[in-house]
Amino acid sequence: MIQLTKGTNAPLETDRLTVSVEVSANADLSALLLAAGGKVRSESDFVFYNAPRGPGVECKPPAGGQGWQVAVDLGAVPADVEIVRLVTSLDEGGRTFGQVGQPVARVSDAGGTPLVEFAMTGLSTETIVIALELYRRQGAWKVRAVGQGYAGGLAALLADHGVDATDEPSAQPTPPPAAPASSPVPPPPAGSTPPPPTYQATPATPPSTPTPPPPPSRPSAGSTPPPPPPPSSTAQTQAAPPPPPTPAASGGGVTLTKGRPVNLTKGQTVSLVKDGNQKLTLVRMGLGWDPIKKGGFFGNREVDIDLDASAILFAGGQVADVAFYNNLTTKDGSIQHMGDNRTGEGEGDDEVVAVDLTRVPVHVDTVIFVVTSYQGQTFEQIQNAFCRLIDHQDGELARYTLTGGMPFTAMVMAKISRDGSGTWGFTAIGDGITAKTPIEALPQLTRYLGK
């Protein structure tokens, strides 16, 4: 693999390539196809998330833990295109490349073998960077390391390419990707592009139980979880809308009443006993969220957020078992995860964990419910996050809603725990932690035990 430094170049011996940029933040990757003189020929020569296909170039969304990629078939790039310019921009408001660390651009062949790598240094206040250029020279293709940042961000880049950044397109439905010419993209830049300007510097496991399963690779999108036990079988199914929730009194002591769900506040506990002194047996923990809709010069879009709900069982301060996307059912069968939602799309609960309180082993005293962000996006990019307790007979009993974003990649949402008499209680927590998987969260959960 060839290591490039800023301004250097290398020949490309293969036509089918994949370009990626590794950075410790959420970032987009787009491409400009430039003809002689640095002009795009038409709007289809600007390839980005809302118009992901151009001649010989395709912008691919994050998948499998990887960020945005641009696939290039140099043999299919039109003969009058001289340069394919790759641009990366941060998708986190207010953050700069100087804050998130050094981005690394890579060019790989069709089989995924890295051919060229370029570590971009010296970035400071920039939020958008020209990473690489693929260009023709005497009939052959080469790659040049650019690493040119723009402290002015997207507006400065568009202006530099002759686009009026103040003429923002109105929000309208995005046409299908197969027809990029009709996608709502900025007008083609006019005038030649000058050389890029100089950037502006400016837990231990008890002996009686096996170790919780490690976080292996996620199951494929088409994998089907084992059928859940009735009657709590469908994550997306909701009962008829209940009457308005009743605010919970501070300090607990709330009676769970059929048809009158309780709104909990952070730190509040409610006993899992319904009116009439009837203890709950089968409950579901529903967790939901919505991705934040984003707008900008490239049009509006909704960013998919892959959150994962998990249930961690504790016995005497030690982890006893974990139910999550790669281990859907605990060993004793008392807790079952209903399957993975990778976008937050749809109404109602995005992920559901079913709990049979009668089957939870006697030595297990606490079950903590955690939501983690698999791709590292923070809760600042998520809205309407909530958890709710659902009885298999009476529907929603209690709900805890988070307001405002937090700069964390995981959230300890709630827990259920039993007291000395064996009665279970539900506690709203809503604390942010740093973890991308439930296994990473384990060492941070012991402080929630015994409270």
# chains A, B, ... in the order shown; residues from 1 in each chain; ligands from 1
>>> residues_around(residues="stretch 423-438 of chain A", least_positions_apart="4", cutoff="9 Å", atoms="only C-alpha atoms", output="PyMOL selection string")
chain A and resi 215+264-273+279-280+307-312+322+324+357+365+370-377+379+387+389+398-402+406-419+442+444+448
>>> atom_distance(atom1="atom CA of A:Ala10", atom2="atom CA of A:Gly98")
26.9 Å
>>> closest_residue(among="A:Thr378, A:Ser108, A:Thr329, A:Thr121", to="A:Ala354", atoms="only C-alpha atoms")
A:Thr329
>>> closest_residue(among="A:Pro114, A:Gly7, A:Pro55, A:Gly101", to="A:Val40", atoms="only C-alpha atoms")
A:Pro55
>>> closest_residue(among="A:Gly288, A:Gly420, A:Gly56, A:Gly316", to="A:Thr446", atoms="only C-alpha atoms")
A:Gly316
>>> closest_residue(among="A:Gly339, A:Ser20, A:Leu449, A:Trp289", to="A:Ile382", atoms="only C-alpha atoms")
A:Trp289
>>> closest_residue(among="A:Leu33, A:Val23, A:Leu90, A:Ala105", to="A:Thr125", atoms="only C-alpha atoms")
A:Leu90
>>> closest_residue(among="A:Phe97, A:Leu34, A:Ala131, A:Asn26", to="A:Pro61", atoms="only C-alpha atoms")
A:Asn26
>>> select_by_dssp(residues="stretch 38-149 of chain A", states="alpha helix (DSSP H)", output="list of chain:residue names")
A:Phe97, A:Gly98, A:Gln99, A:Val100
>>> write_last_selection(atoms="C-alpha atoms", output="PDB file, in the first residue's frame")
ATOM      1  CA  PHE A  97     -11.736  18.517  12.022  1.00  0.00           C
ATOM      2  CA  GLY A  98      -9.346  19.995  14.538  1.00  0.00           C
ATOM      3  CA  GLN A  99     -11.597  18.636  17.296  1.00  0.00           C
ATOM      4  CA  VAL A 100     -12.317  15.143  15.962  1.00  0.00           C
TER       5      VAL A 100
END
>>> residues_around(residues="A:Gly286", least_positions_apart="3", cutoff="6 Å", atoms="only C-alpha atoms", output="list of chain:residue names")
A:Asp349, A:Val352, A:Cys387, A:Arg388
>>> write_last_selection(atoms="C-alpha atoms", output="compact mmCIF listing (two decimals), in the first residue's frame")
# COMPACT_ATOMS: atom_id res chain seq x y z
CA ASP A 349 -41.62 1.04 19.80
CA VAL A 352 -38.87 -4.37 22.56
CA CYS A 387 -38.91 3.85 27.27
CA ARG A 388 -42.26 2.49 28.36
>>> atom_distance(atom1="atom CA of A:Phe314", atom2="atom CA of A:Leu282")
19.0 Å
>>> residues_around(residues="A:Arg16", least_positions_apart="6", cutoff="7 Å", atoms="only C-alpha atoms", output="number ranges by chain")
A: 72-74, 109-110
>>> write_last_selection(atoms="N, CA and C atoms", output="PDB file, in the first residue's frame")
ATOM      1  N   VAL A  72     -15.982   4.054  -7.520  1.00  0.00           N
ATOM      2  CA  VAL A  72     -15.649   4.672  -8.803  1.00  0.00           C
ATOM      3  C   VAL A  72     -15.260   3.592  -9.803  1.00  0.00           C
ATOM      4  N   ASP A  73     -15.885   3.626 -10.963  1.00  0.00           N
ATOM      5  CA  ASP A  73     -15.476   2.787 -12.087  1.00  0.00           C
ATOM      6  C   ASP A  73     -14.851   3.708 -13.122  1.00  0.00           C
ATOM      7  N   LEU A  74     -13.535   3.785 -13.098  1.00  0.00           N
ATOM      8  CA  LEU A  74     -12.833   4.731 -13.963  1.00  0.00           C
ATOM      9  C   LEU A  74     -13.117   4.464 -15.438  1.00  0.00           C
ATOM     10  N   ASP A 109      -9.093  -1.459  -3.959  1.00  0.00           N
ATOM     11  CA  ASP A 109      -9.569  -2.061  -5.203  1.00  0.00           C
ATOM     12  C   ASP A 109     -10.924  -2.714  -4.974  1.00  0.00           C
ATOM     13  N   ALA A 110     -11.457  -3.368  -6.007  1.00  0.00           N
ATOM     14  CA  ALA A 110     -12.800  -3.939  -5.926  1.00  0.00           C
ATOM     15  C   ALA A 110     -12.893  -5.034  -4.882  1.00  0.00           C
TER      16      ALA A 110
END
>>> atom_distance(atom1="atom CA of A:Leu134", atom2="atom CA of A:Leu32")
10.4 Å
